file my_file.pdb (PDB, C-alpha atoms)
ATOM      1  CA  MET A   1       0.000   0.000   0.000
ATOM      2  CA  CYS A   2       2.852   2.362   0.836
ATOM      3  CA  LEU A   3       4.292   1.959  -2.595
ATOM      4  CA  GLN A   4       0.984   2.762  -4.352
ATOM      5  CA  SER A   5       0.300   6.186  -5.677
ATOM      6  CA  ASP A   6      -1.888   8.484  -3.603
ATOM      7  CA  LEU A   7      -5.498   8.574  -4.707
ATOM      8  CA  VAL A   8      -6.675  11.585  -6.394
ATOM      9  CA  ASP A   9     -10.004  12.897  -5.218
ATOM     10  CA  ALA A  10     -11.150  12.868  -8.767
ATOM     11  CA  ASP A  11     -10.640   9.097  -8.894
ATOM     12  CA  VAL A  12     -12.812   8.331  -5.802
ATOM     13  CA  ASP A  13     -16.354   7.155  -6.447
ATOM     14  CA  PRO A  14     -18.643   8.112  -3.538
ATOM     15  CA  ALA A  15     -21.096   5.373  -4.440
ATOM     16  CA  VAL A  16     -18.429   2.675  -4.190
ATOM     17  CA  ILE A  17     -17.282   3.962  -0.829
ATOM     18  CA  GLU A  18     -20.833   3.967   0.498
ATOM     19  CA  ALA A  19     -21.426   0.454  -0.768
ATOM     20  CA  THR A  20     -18.246  -0.727   0.924
ATOM     21  CA  ARG A  21     -19.212   0.961   4.173
ATOM     22  CA  SER A  22     -22.656  -0.670   4.098
ATOM     23  CA  ALA A  23     -21.112  -4.067   3.522
ATOM     24  CA  LEU A  24     -18.747  -3.622   6.466
ATOM     25  CA  HIS A  25     -21.620  -2.560   8.760
ATOM     26  CA  GLN A  26     -23.569  -5.614   7.711
ATOM     27  CA  GLN A  27     -20.604  -7.906   8.480
ATOM     28  CA  LEU A  28     -20.215  -6.284  11.911
ATOM     29  CA  GLU A  29     -23.901  -6.857  12.709
ATOM     30  CA  ASP A  30     -23.622 -10.482  11.626
ATOM     31  CA  ALA A  31     -20.548 -10.958  13.875
ATOM     32  CA  GLU A  32     -22.392  -9.466  16.857
ATOM     33  CA  LEU A  33     -25.303 -11.825  16.272
ATOM     34  CA  ILE A  34     -22.895 -14.782  16.289
ATOM     35  CA  HIS A  35     -21.039 -13.456  19.339
ATOM     36  CA  GLN A  36     -24.133 -13.084  21.521
ATOM     37  CA  PRO A  37     -24.892 -16.871  21.776
ATOM     38  CA  ASP A  38     -21.236 -17.596  22.410
ATOM     39  CA  GLU A  39     -21.139 -14.981  25.149
ATOM     40  CA  ALA A  40     -24.225 -16.508  26.765
ATOM     41  CA  HIS A  41     -22.693 -19.992  26.547
ATOM     42  CA  LEU A  42     -19.438 -18.717  28.104
ATOM     43  CA  GLN A  43     -21.335 -17.113  30.962
ATOM     44  CA  THR A  44     -23.234 -20.333  31.560
ATOM     45  CA  ALA A  45     -19.964 -22.273  31.582
ATOM     46  CA  LYS A  46     -18.427 -19.842  34.100
ATOM     47  CA  GLU A  47     -21.459 -20.219  36.376
ATOM     48  CA  ARG A  48     -21.234 -24.021  36.082
ATOM     49  CA  SER A  49     -17.504 -23.927  36.863
ATOM     50  CA  GLU A  50     -18.145 -21.844  39.971
ATOM     51  CA  GLN A  51     -20.820 -24.304  41.102
ATOM     52  CA  LEU A  52     -18.458 -27.238  40.542
ATOM     53  CA  ASN A  53     -15.594 -25.528  42.406
ATOM     54  CA  PHE A  54     -17.962 -24.927  45.319
ATOM     55  CA  ALA A  55     -19.041 -28.575  45.210
ATOM     56  CA  ILE A  56     -15.408 -29.708  45.131
ATOM     57  CA  SER A  57     -14.534 -27.542  48.114
ATOM     58  CA  SER A  58     -17.497 -28.930  50.010
ATOM     59  CA  LEU A  59     -16.567 -32.503  49.157
ATOM     60  CA  ARG A  60     -12.926 -31.866  50.149
ATOM     61  CA  ARG A  61     -14.038 -30.509  53.524
ATOM     62  CA  GLN A  62     -16.286 -33.522  53.993
ATOM     63  CA  LEU A  63     -13.411 -35.871  53.001
ATOM     64  CA  ASP A  64     -11.029 -34.187  55.409
ATOM     65  CA  ALA A  65     -13.629 -34.432  58.166
ATOM     66  CA  GLN A  66     -14.349 -38.090  57.432
ATOM     67  CA  THR A  67     -10.680 -39.179  57.099
ATOM     68  CA  ARG A  68      -9.232 -37.099  59.908
ATOM     69  CA  ASP A  69      -9.914 -39.768  62.527
ATOM     70  CA  VAL A  70      -8.928 -42.682  60.267
ATOM     71  CA  VAL A  71      -5.942 -41.552  58.222
ATOM     72  CA  ALA A  72      -4.292 -39.085  60.585
ATOM     73  CA  PRO A  73      -3.406 -41.718  63.243
ATOM     74  CA  ARG A  74      -1.894 -43.840  60.551
ATOM     75  CA  PHE A  75       0.157 -40.930  59.280
ATOM     76  CA  ASP A  76       1.292 -40.399  62.843
ATOM     77  CA  ALA A  77       2.143 -44.092  63.144
ATOM     78  CA  ILE A  78       4.031 -43.943  59.883
ATOM     79  CA  ALA A  79       5.892 -40.865  61.055
ATOM     80  CA  ASP A  80       6.710 -42.598  64.347
ATOM     81  CA  THR A  81       7.741 -45.824  62.596
ATOM     82  CA  SER A  82      10.033 -44.218  60.040
ATOM     83  CA  PRO A  83      12.919 -43.601  62.508
ATOM     84  CA  ARG A  84      12.557 -47.152  63.785
ATOM     85  CA  VAL A  85      12.662 -48.477  60.209
ATOM     86  CA  ALA A  86      15.807 -46.442  59.574
ATOM     87  CA  SER A  87      17.312 -47.757  62.817
ATOM     88  CA  LEU A  88      16.467 -51.341  61.867
ATOM     89  CA  LYS A  89      18.026 -50.856  58.426
ATOM     90  CA  ALA A  90      21.163 -49.529  60.072
ATOM     91  CA  SER A  91      21.163 -52.547  62.419
ATOM     92  CA  ILE A  92      20.737 -54.897  59.456
ATOM     93  CA  ASP A  93      23.661 -53.241  57.668
ATOM     94  CA  ALA A  94      25.777 -53.528  60.811
ATOM     95  CA  ILE A  95      24.817 -57.204  61.209
ATOM     96  CA  THR A  96      25.638 -57.833  57.557
ATOM     97  CA  GLN A  97      29.053 -56.271  57.996
ATOM     98  CA  LEU A  98      29.523 -58.219  61.218
ATOM     99  CA  ARG A  99      28.583 -61.436  59.441
ATOM    100  CA  GLU A 100      31.219 -60.726  56.807
ATOM    101  CA  SER A 101      33.716 -60.050  59.574
ATOM    102  CA  TRP A 102      32.850 -63.356  61.233
ATOM    103  CA  ALA A 103      33.230 -65.112  57.902
ATOM    104  CA  ARG A 104      36.721 -63.629  57.604
ATOM    105  CA  VAL A 105      37.394 -64.663  61.207
ATOM    106  CA  HIS A 106      36.362 -68.259  60.418
ATOM    107  CA  THR A 107      38.633 -68.215  57.362
ATOM    108  CA  ILE A 108      41.508 -66.843  59.427
ATOM    109  CA  ASN A 109      40.902 -69.489  62.126
ATOM    110  CA  ALA A 110      40.989 -72.205  59.465
ATOM    111  CA  ASP A 111      44.252 -70.778  58.130
ATOM    112  CA  ILE A 112      45.639 -70.630  61.682
ATOM    113  CA  ARG A 113      44.738 -74.284  62.278
ATOM    114  CA  SER A 114      46.358 -75.213  58.975
ATOM    115  CA  LEU A 115      49.486 -73.214  59.820
ATOM    116  CA  LYS A 116      49.673 -74.767  63.283
ATOM    117  CA  SER A 117      49.392 -78.208  61.764
ATOM    118  CA  GLU A 118      52.077 -77.310  59.235
ATOM    119  CA  ARG A 119      54.255 -75.903  62.024
ATOM    120  CA  ARG A 120      53.879 -79.113  64.048
ATOM    121  CA  ARG A 121      54.847 -81.132  60.992
ATOM    122  CA  ILE A 122      57.826 -78.890  60.263
ATOM    123  CA  ASN A 123      58.935 -78.984  63.912
ATOM    124  CA  LYS A 124      58.685 -82.750  63.796
ATOM    125  CA  ASP A 125      60.750 -82.814  60.603
ATOM    126  CA  ILE A 126      63.269 -80.425  62.163
ATOM    127  CA  LYS A 127      63.537 -82.653  65.213
ATOM    128  CA  GLU A 128      63.991 -85.746  63.063
ATOM    129  CA  LYS A 129      66.504 -83.997  60.813
ATOM    130  CA  SER A 130      68.338 -82.623  63.858
ATOM    131  CA  GLU A 131      68.595 -86.114  65.305
ATOM    132  CA  GLN A 132      69.771 -87.417  61.954
ATOM    133  CA  LEU A 133      72.242 -84.560  61.667
ATOM    134  CA  LYS A 134      73.477 -85.277  65.172
ATOM    135  CA  ALA A 135      73.935 -88.915  64.231
ATOM    136  CA  ARG A 136      75.646 -87.905  60.993
ATOM    137  CA  GLN A 137      77.916 -85.530  62.883
ATOM    138  CA  SER A 138      78.795 -88.379  65.208
ATOM    139  CA  LEU A 139      79.492 -90.617  62.197
ATOM    140  CA  LEU A 140      81.559 -87.851  60.613
ATOM    141  CA  GLY A 141      83.508 -87.472  63.834
ATOM    142  CA  ASP A 142      84.215 -91.202  63.884
ATOM    143  CA  LEU A 143      85.214 -91.075  60.220
ATOM    144  CA  SER A 144      87.537 -88.125  60.877
ATOM    145  CA  THR A 145      89.131 -89.930  63.820
ATOM    146  CA  GLU A 146      89.635 -93.095  61.766
ATOM    147  CA  PHE A 147      91.217 -91.106  58.914
ATOM    148  CA  GLY A 148      93.575 -89.233  61.230
ATOM    149  CA  ARG A 149      94.599 -92.435  63.017
ATOM    150  CA  LEU A 150      95.364 -94.218  59.740
ATOM    151  CA  LEU A 151      97.336 -91.370  58.165
ATOM    152  CA  THR A 152      99.434 -90.686  61.271
ATOM    153  CA  SER A 153     100.134 -94.416  61.687
ATOM    154  CA  TRP A 154     102.240 -94.263  58.518
ATOM    155  CA  ASN A 155     104.703 -91.950  60.302
ATOM    156  CA  LEU A 156     104.717 -89.344  57.585
ATOM    157  CA  PRO A 157     107.010 -86.474  58.620
ATOM    158  CA  TRP A 158     104.731 -83.778  57.217
ATOM    159  CA  VAL A 159     101.573 -84.879  59.087
ATOM    160  CA  ASP A 160     100.671 -83.086  62.307
ATOM    161  CA  THR A 161      96.879 -83.186  62.196
ATOM    162  CA  ALA A 162      94.571 -85.024  59.817
ATOM    163  CA  VAL A 163      90.757 -84.658  59.893
ATOM    164  CA  ILE A 164      87.695 -84.791  57.648
ATOM    165  CA  ASP A 165      86.244 -81.314  57.026
ATOM    166  CA  ARG A 166      82.663 -81.124  58.338
ATOM    167  CA  ASP A 167      81.556 -78.809  55.535
ATOM    168  CA  THR A 168      83.148 -80.438  52.491
ATOM    169  CA  PHE A 169      83.525 -84.008  53.881
ATOM    170  CA  LEU A 170      87.000 -84.011  52.338
ATOM    171  CA  PRO A 171      90.396 -84.521  54.015
ATOM    172  CA  ALA A 172      92.213 -81.602  55.633
ATOM    173  CA  VAL A 173      95.823 -82.079  56.771
ATOM    174  CA  ASN A 174      97.571 -79.542  58.991
ATOM    175  CA  GLY A 175      94.639 -77.194  58.396
ATOM    176  CA  GLN A 176      95.118 -77.242  54.619
ATOM    177  CA  PRO A 177      92.024 -78.058  52.517
ATOM    178  CA  PHE A 178      91.902 -80.941  50.119
ATOM    179  CA  GLU A 179      92.416 -78.729  47.037
ATOM    180  CA  SER A 180      95.726 -77.430  48.400
ATOM    181  CA  LEU A 181      96.846 -80.951  49.225
ATOM    182  CA  GLN A 182      95.999 -82.084  45.701
ATOM    183  CA  ALA A 183      98.041 -79.231  44.255
ATOM    184  CA  SER A 184     101.066 -80.339  46.281
ATOM    185  CA  GLY A 185     101.345 -83.606  44.302
ATOM    186  CA  GLY A 186     103.848 -86.337  45.002
ATOM    187  CA  GLY A 187     103.762 -88.430  48.132
ATOM    188  CA  ILE A 188     101.424 -86.016  49.947
ATOM    189  CA  THR A 189      98.645 -86.395  47.391
ATOM    190  CA  THR A 190      99.125 -90.149  47.141
ATOM    191  CA  SER A 191      99.150 -90.704  50.893
ATOM    192  CA  VAL A 192      96.103 -88.498  51.565
ATOM    193  CA  ASN A 193      94.023 -89.991  48.748
ATOM    194  CA  LEU A 194      94.968 -93.525  49.743
ATOM    195  CA  ALA A 195      94.230 -92.994  53.437
ATOM    196  CA  TYR A 196      90.931 -91.297  52.625
ATOM    197  CA  SER A 197      89.833 -94.100  50.265
ATOM    198  CA  LEU A 198      90.791 -96.849  52.712
ATOM    199  CA  THR A 199      89.013 -95.059  55.552
ATOM    200  CA  LEU A 200      85.815 -94.683  53.518
ATOM    201  CA  LEU A 201      85.990 -98.329  52.461
ATOM    202  CA  LYS A 202      86.347 -99.617  56.019
ATOM    203  CA  PHE A 203      83.766 -97.176  57.361
ATOM    204  CA  GLY A 204      81.188 -98.245  54.777
ATOM    205  CA  LEU A 205      81.752-101.886  55.667
ATOM    206  CA  ASP A 206      81.306-101.144  59.382
ATOM    207  CA  HIS A 207      78.234 -98.925  58.965
ATOM    208  CA  ALA A 208      75.426-100.225  56.799
ATOM    209  CA  ASP A 209      73.816 -96.763  56.485
ATOM    210  CA  VAL A 210      76.992 -95.264  54.969
ATOM    211  CA  LEU A 211      76.555 -95.902  51.268
ATOM    212  CA  VAL A 212      80.008 -96.183  49.721
ATOM    213  CA  PRO A 213      81.200 -98.862  47.285
ATOM    214  CA  SER A 214      82.844-101.983  48.670
ATOM    215  CA  LEU A 215      85.183-102.015  45.649
ATOM    216  CA  LEU A 216      88.444-100.063  45.698
ATOM    217  CA  VAL A 217      90.848 -99.839  42.740
ATOM    218  CA  ILE A 218      94.301 -98.433  43.536
ATOM    219  CA  ASP A 219      96.884 -97.659  40.883
ATOM    220  CA  SER A 220     100.559 -97.697  41.920
ATOM    221  CA  PRO A 221     100.246 -96.847  45.635
ATOM    222  CA  ARG A 222     104.081 -96.672  45.957
ATOM    223  CA  LYS A 223     104.679 -94.576  42.866
ATOM    224  CA  ALA A 224     105.181 -91.278  44.716
ATOM    225  CA  PHE A 225     107.472 -92.715  47.385
ATOM    226  CA  GLY A 226     111.217 -93.082  47.183
ATOM    227  CA  ASN A 227     113.387 -96.151  47.827
ATOM    228  CA  ASN A 228     114.991 -95.291  51.160
ATOM    229  CA  ASP A 229     114.309 -97.311  54.274
ATOM    230  CA  SER A 230     111.544 -95.027  55.572
ATOM    231  CA  ASP A 231     109.747 -95.068  52.206
ATOM    232  CA  ARG A 232     109.938 -98.861  52.025
ATOM    233  CA  GLN A 233     108.641 -99.008  55.592
ATOM    234  CA  ARG A 234     105.645 -96.855  54.659
ATOM    235  CA  ALA A 235     104.958 -99.003  51.621
ATOM    236  CA  SER A 236     105.063-102.053  53.849
ATOM    237  CA  GLU A 237     102.574-100.401  56.254
ATOM    238  CA  ILE A 238     100.238 -99.536  53.369
ATOM    239  CA  TYR A 239     100.252-103.111  52.104
ATOM    240  CA  SER A 240      99.820-104.341  55.667
ATOM    241  CA  ARG A 241      96.662-102.239  55.742
ATOM    242  CA  PHE A 242      95.487-103.909  52.549
ATOM    243  CA  ARG A 243      96.125-107.308  54.100
ATOM    244  CA  THR A 244      94.321-106.383  57.328
ATOM    245  CA  LEU A 245      91.238-105.287  55.382
ATOM    246  CA  ALA A 246      91.291-108.401  53.205
ATOM    247  CA  ASP A 247      91.698-110.697  56.218
ATOM    248  CA  ALA A 248      88.996-108.888  58.243
ATOM    249  CA  TYR A 249      86.253-108.521  55.646
ATOM    250  CA  GLY A 250      86.975-111.300  53.166
ATOM    251  CA  GLU A 251      84.426-111.474  50.391
ATOM    252  CA  ARG A 252      82.601-108.373  51.617
ATOM    253  CA  LEU A 253      85.095-106.205  49.777
ATOM    254  CA  GLN A 254      87.169-106.287  46.642
ATOM    255  CA  LEU A 255      90.604-104.653  46.355
ATOM    256  CA  ILE A 256      92.296-104.315  42.988
ATOM    257  CA  ILE A 257      95.850-102.996  43.300
ATOM    258  CA  ALA A 258      98.016-102.279  40.281
ATOM    259  CA  ASP A 259     101.756-102.035  41.099
ATOM    260  CA  ASN A 260     104.991-102.357  39.179
ATOM    261  CA  ASP A 261     106.724-104.337  41.945
ATOM    262  CA  PRO A 262     105.597-107.340  43.961
ATOM    263  CA  PRO A 263     103.871-106.476  47.254
ATOM    264  CA  PRO A 264     106.243-106.200  50.235
ATOM    265  CA  VAL A 265     103.921-108.405  52.331
ATOM    266  CA  THR A 266     102.290-111.744  51.659
ATOM    267  CA  SER A 267      98.812-112.906  52.509
ATOM    268  CA  ASP A 268      96.618-115.851  51.685
ATOM    269  CA  SER A 269      93.776-113.332  51.153
ATOM    270  CA  PHE A 270      95.550-111.826  48.149
ATOM    271  CA  GLY A 271      95.245-113.140  44.629
ATOM    272  CA  ARG A 272      98.076-112.186  42.354
ATOM    273  CA  VAL A 273      97.925-111.708  38.582
ATOM    274  CA  GLU A 274     101.163-110.832  36.777
ATOM    275  CA  PHE A 275     101.373-109.330  33.318
ATOM    276  CA  ASP A 276     104.427-109.382  31.112
ATOM    277  CA  TYR A 277     105.186-109.510  27.437
ATOM    278  CA  ASP A 278     104.405-113.195  27.313
ATOM    279  CA  ASN A 279     101.274-112.861  29.447
ATOM    280  CA  PRO A 280      99.502-109.620  28.364
ATOM    281  CA  MET A 281      96.529-108.206  30.200
ATOM    282  CA  VAL A 282      94.307-108.820  27.173
ATOM    283  CA  PRO A 283      94.647-112.482  26.220
ATOM    284  CA  GLY A 284      95.239-113.113  22.529
ATOM    285  CA  VAL A 285      96.796-109.692  21.892
ATOM    286  CA  SER A 286     100.565-110.137  21.909
ATOM    287  CA  HIS A 287     102.846-107.289  22.840
ATOM    288  CA  PRO A 288     105.680-106.396  20.403
ATOM    289  CA  GLY A 289     108.186-106.579  23.249
ATOM    290  CA  PRO A 290     110.627-104.262  25.042
ATOM    291  CA  ASP A 291     112.507-103.416  21.834
ATOM    292  CA  HIS A 292     109.337-101.858  20.434
ATOM    293  CA  VAL A 293     108.872 -99.818  23.624
ATOM    294  CA  SER A 294     112.465 -98.565  23.371
ATOM    295  CA  ARG A 295     111.946 -97.515  19.770
ATOM    296  CA  LEU A 296     108.776 -95.657  20.710
ATOM    297  CA  GLU A 297     110.606 -93.815  23.459
ATOM    298  CA  GLU A 298     113.430 -92.856  21.088
ATOM    299  CA  THR A 299     110.888 -91.595  18.545
ATOM    300  CA  ALA A 300     109.177 -89.520  21.211
ATOM    301  CA  ASP A 301     112.518 -88.002  22.255
ATOM    302  CA  GLU A 302     113.286 -87.049  18.681
TER
END
call {"tool": "encode", "arguments": {"input": "my_file.pdb", "output": "structure tokens"}}
result
Amino acid sequence: MCLQSDLVDADVDPAVIEATRSALHQQLEDAELIHQPDEAHLQTAKERSEQLNFAISSLRRQLDAQTRDVVAPRFDAIADTSPRVASLKASIDAITQLRESWARVHTINADIRSLKSERRRINKDIKEKSEQLKARQSLLGDLSTEFGRLLTSWNLPWVDTAVIDRDTFLPAVNGQPFESLQASGGGITTSVNLAYSLTLLKFGLDHADVLVPSLLVIDSPRKAFGNNDSDRQRASEIYSRFRTLADAYGERLQLIIADNDPPPVTSDSFGRVEFDYDNPMVPGVSHPGPDHVSRLEETADE
């Protein structure tokens, strides 16, 4: 409308305007006629709503009056019971936690009983092992005494003390461990090893619970000794020990001694097997003879 050109009075038709005005008045009258029934209906509805609100208020007062004596005590009882319900719930929670604690206590008691039983078993084992250890220590002491007695009986000039070490169960002479004695070589090593082996052999035969072989193989027991009178005397004492063992235990033991010279002692308990070029150790395999050995030695020297 704003963009249209302004009307010019000359373009306005009074008849058209009047007709339009009459039509608008007629539409307004028609709208008022329609509005009047609606207004009456709205007023009726308002009156009905007021009546219903009054009826509701009356019924609510009657309901309050009728339920005051019935419902109110129950509300009071509910209000009084609520703290007790809360207290009971708290008690139930506490009992539940206590039950869990007792369950843990029962588990702990079962573990304690199991541990006590295990401790009794272990203490019993310790007692048995201690008694066995005590017996073993006694056996070890006897073994050490026997070893020292045998080695000193050979009148070796370098022997002051001879024992069996309680930690390694190996010989110790003059406080020196077995490894040092082995490194010394010569007659010391031979004498210590021989005395130790003979002591173990005899000790195993005398004590059934000491598990050592009853077979002893000795190679050249006199090899590390010299040929003076004292050395020959020691060799004689060593072979005397062999004879004593053979005479005392008989078939319970077996001694195999390899030596280049005949034994310095004789005994009916000994069996003697000699090997030479005519009687080799392996029957049927002849030896070339001493000339062949000499040639081999010369070749080695070259």
call {"tool": "atom_distance", "arguments": {"input": "my_file.pdb", "atom1": "atom CA of Ile164 of chain A", "atom2": "atom CA of Thr199 of chain A"}}
result
10.6 Å
call {"tool": "resolve_selection", "arguments": {"input": "my_file.pdb", "expression": "the PyMOL selection byres ((chain A and resi 252) around 12)", "output": "PyMOL selection string"}}
result
chain A and resi 201-202+204-206+213-216+245-251+253-255
call {"tool": "atom_distance", "arguments": {"input": "my_file.pdb", "atom1": "atom CA of Ile218 of chain A", "atom2": "atom CA of Asp231 of chain A"}}
result
18.0 Å
call {"tool": "resolve_selection", "arguments": {"input": "my_file.pdb", "expression": "the PyMOL selection byres ((chain A and resi 162) around 12)", "output": "JSON, numbers by chain"}}
result
{"A": [143, 144, 145, 146, 147, 148, 149, 150, 151, 152, 153, 156, 158, 159, 160, 161, 163, 164, 165, 170, 171, 172, 173, 174, 175, 176, 177, 178, 181, 191, 192, 195, 196]}
call {"tool": "closest_residue", "arguments": {"input": "my_file.pdb", "among": "A:Ser180, A:Gln233, A:Ser220, A:Gln62", "to": "Leu194 of chain A", "atoms": "only C-alpha atoms"}}
result
A:Ser220
call {"tool": "closest_residue", "arguments": {"input": "my_file.pdb", "among": "A:Asn155, A:Glu131, A:Asn260, A:Leu88", "to": "Ser230 of chain A", "atoms": "all atoms listed in the file"}}
result
A:Asn155
call {"tool": "atom_distance", "arguments": {"input": "my_file.pdb", "atom1": "atom CA of Val212 of chain A", "atom2": "atom CA of Leu139 of chain A"}}
result
13.7 Å
call {"tool": "residues_around", "arguments": {"input": "my_file.pdb", "residues": "Val265 of chain A", "least_positions_apart": "3", "cutoff": "8 Å", "atoms": "all atoms listed in the file", "output": "mmCIF file with C-alpha atoms, in the coordinates of the input"}}
result
data_model
loop_
_atom_site.group_PDB
_atom_site.id
_atom_site.type_symbol
_atom_site.label_atom_id
_atom_site.label_comp_id
_atom_site.auth_asym_id
_atom_site.auth_seq_id
_atom_site.Cartn_x
_atom_site.Cartn_y
_atom_site.Cartn_z
ATOM 1 C CA SER A 236 105.063 -102.053 53.849
ATOM 2 C CA TYR A 239 100.252 -103.111 52.104
ATOM 3 C CA SER A 240 99.820 -104.341 55.667
#
call {"tool": "residues_around", "arguments": {"input": "my_file.pdb", "residues": "Glu274 of chain A", "least_positions_apart": "3", "cutoff": "12 Å", "atoms": "only C-alpha atoms", "output": "list of chain:residue names"}}
result
A:Ile257, A:Ala258, A:Asp259, A:Asn260, A:Asp261, A:Pro262, A:Pro263, A:Gly271, A:Tyr277, A:Asp278, A:Asn279, A:Pro280, A:Met281, A:Val282
call {"tool": "axis_aligned_box", "arguments": {"input": "my_file.pdb", "around": "segment 202-209 of chain A", "padding_each_side": "3 Å", "output": "AutoDock Vina command-line options"}}
result
--center_x 80.1 --center_y -99.3 --center_z 57.1 --size_x 18.5 --size_y 11.1 --size_z 10.6
call {"tool": "build_atoms", "arguments": {"input": "my_file.pdb", "residues": "segment 39-45 of chain A", "atoms": "all heavy atoms", "output": "mmCIF file, in the frame of the given file"}}
result
data_model
loop_
_atom_site.group_PDB
_atom_site.id
_atom_site.type_symbol
_atom_site.label_atom_id
_atom_site.label_comp_id
_atom_site.auth_asym_id
_atom_site.auth_seq_id
_atom_site.Cartn_x
_atom_site.Cartn_y
_atom_site.Cartn_z
ATOM 1 N N GLU A 39 -21.316 -15.676 23.867
ATOM 2 C CA GLU A 39 -21.139 -14.981 25.149
ATOM 3 C C GLU A 39 -22.043 -15.576 26.197
ATOM 4 O O GLU A 39 -21.627 -15.780 27.360
ATOM 5 C CB GLU A 39 -21.435 -13.490 24.952
ATOM 6 C CG GLU A 39 -21.173 -12.639 26.172
ATOM 7 C CD GLU A 39 -19.690 -12.517 26.443
ATOM 8 O OE1 GLU A 39 -18.872 -12.679 25.511
ATOM 9 O OE2 GLU A 39 -19.322 -12.290 27.633
ATOM 10 N N ALA A 40 -23.281 -15.904 25.814
ATOM 11 C CA ALA A 40 -24.225 -16.508 26.765
ATOM 12 C C ALA A 40 -23.739 -17.888 27.191
ATOM 13 O O ALA A 40 -23.812 -18.251 28.373
ATOM 14 C CB ALA A 40 -25.615 -16.592 26.121
ATOM 15 N N HIS A 41 -23.219 -18.650 26.235
ATOM 16 C CA HIS A 41 -22.693 -19.992 26.547
ATOM 17 C C HIS A 41 -21.483 -19.907 27.468
ATOM 18 O O HIS A 41 -21.336 -20.692 28.419
ATOM 19 C CB HIS A 41 -22.325 -20.696 25.241
ATOM 20 C CG HIS A 41 -21.840 -22.091 25.460
ATOM 21 N ND1 HIS A 41 -22.680 -23.126 25.849
ATOM 22 C CD2 HIS A 41 -20.592 -22.625 25.331
ATOM 23 C CE1 HIS A 41 -21.971 -24.226 25.970
ATOM 24 N NE2 HIS A 41 -20.680 -23.938 25.646
ATOM 25 N N LEU A 42 -20.620 -18.902 27.242
ATOM 26 C CA LEU A 42 -19.438 -18.717 28.104
ATOM 27 C C LEU A 42 -19.868 -18.345 29.512
ATOM 28 O O LEU A 42 -19.301 -18.839 30.484
ATOM 29 C CB LEU A 42 -18.535 -17.636 27.510
ATOM 30 C CG LEU A 42 -17.295 -17.274 28.330
ATOM 31 C CD1 LEU A 42 -16.389 -18.501 28.491
ATOM 32 C CD2 LEU A 42 -16.533 -16.125 27.667
ATOM 33 N N GLN A 43 -20.865 -17.493 29.630
ATOM 34 C CA GLN A 43 -21.335 -17.113 30.962
ATOM 35 C C GLN A 43 -21.916 -18.306 31.688
ATOM 36 O O GLN A 43 -21.683 -18.501 32.889
ATOM 37 C CB GLN A 43 -22.388 -15.995 30.813
ATOM 38 C CG GLN A 43 -22.862 -15.423 32.137
ATOM 39 C CD GLN A 43 -21.758 -14.712 32.893
ATOM 40 O OE1 GLN A 43 -20.848 -14.147 32.279
ATOM 41 N NE2 GLN A 43 -21.823 -14.767 34.219
ATOM 42 N N THR A 44 -22.650 -19.124 30.941
ATOM 43 C CA THR A 44 -23.234 -20.333 31.560
ATOM 44 C C THR A 44 -22.124 -21.267 32.041
ATOM 45 O O THR A 44 -22.188 -21.853 33.128
ATOM 46 C CB THR A 44 -24.137 -21.056 30.547
ATOM 47 O OG1 THR A 44 -25.164 -20.158 30.107
ATOM 48 C CG2 THR A 44 -24.780 -22.274 31.173
ATOM 49 N N ALA A 45 -21.082 -21.404 31.207
ATOM 50 C CA ALA A 45 -19.964 -22.273 31.582
ATOM 51 C C ALA A 45 -19.255 -21.755 32.818
ATOM 52 O O ALA A 45 -18.850 -22.531 33.704
ATOM 53 C CB ALA A 45 -19.000 -22.382 30.408
#
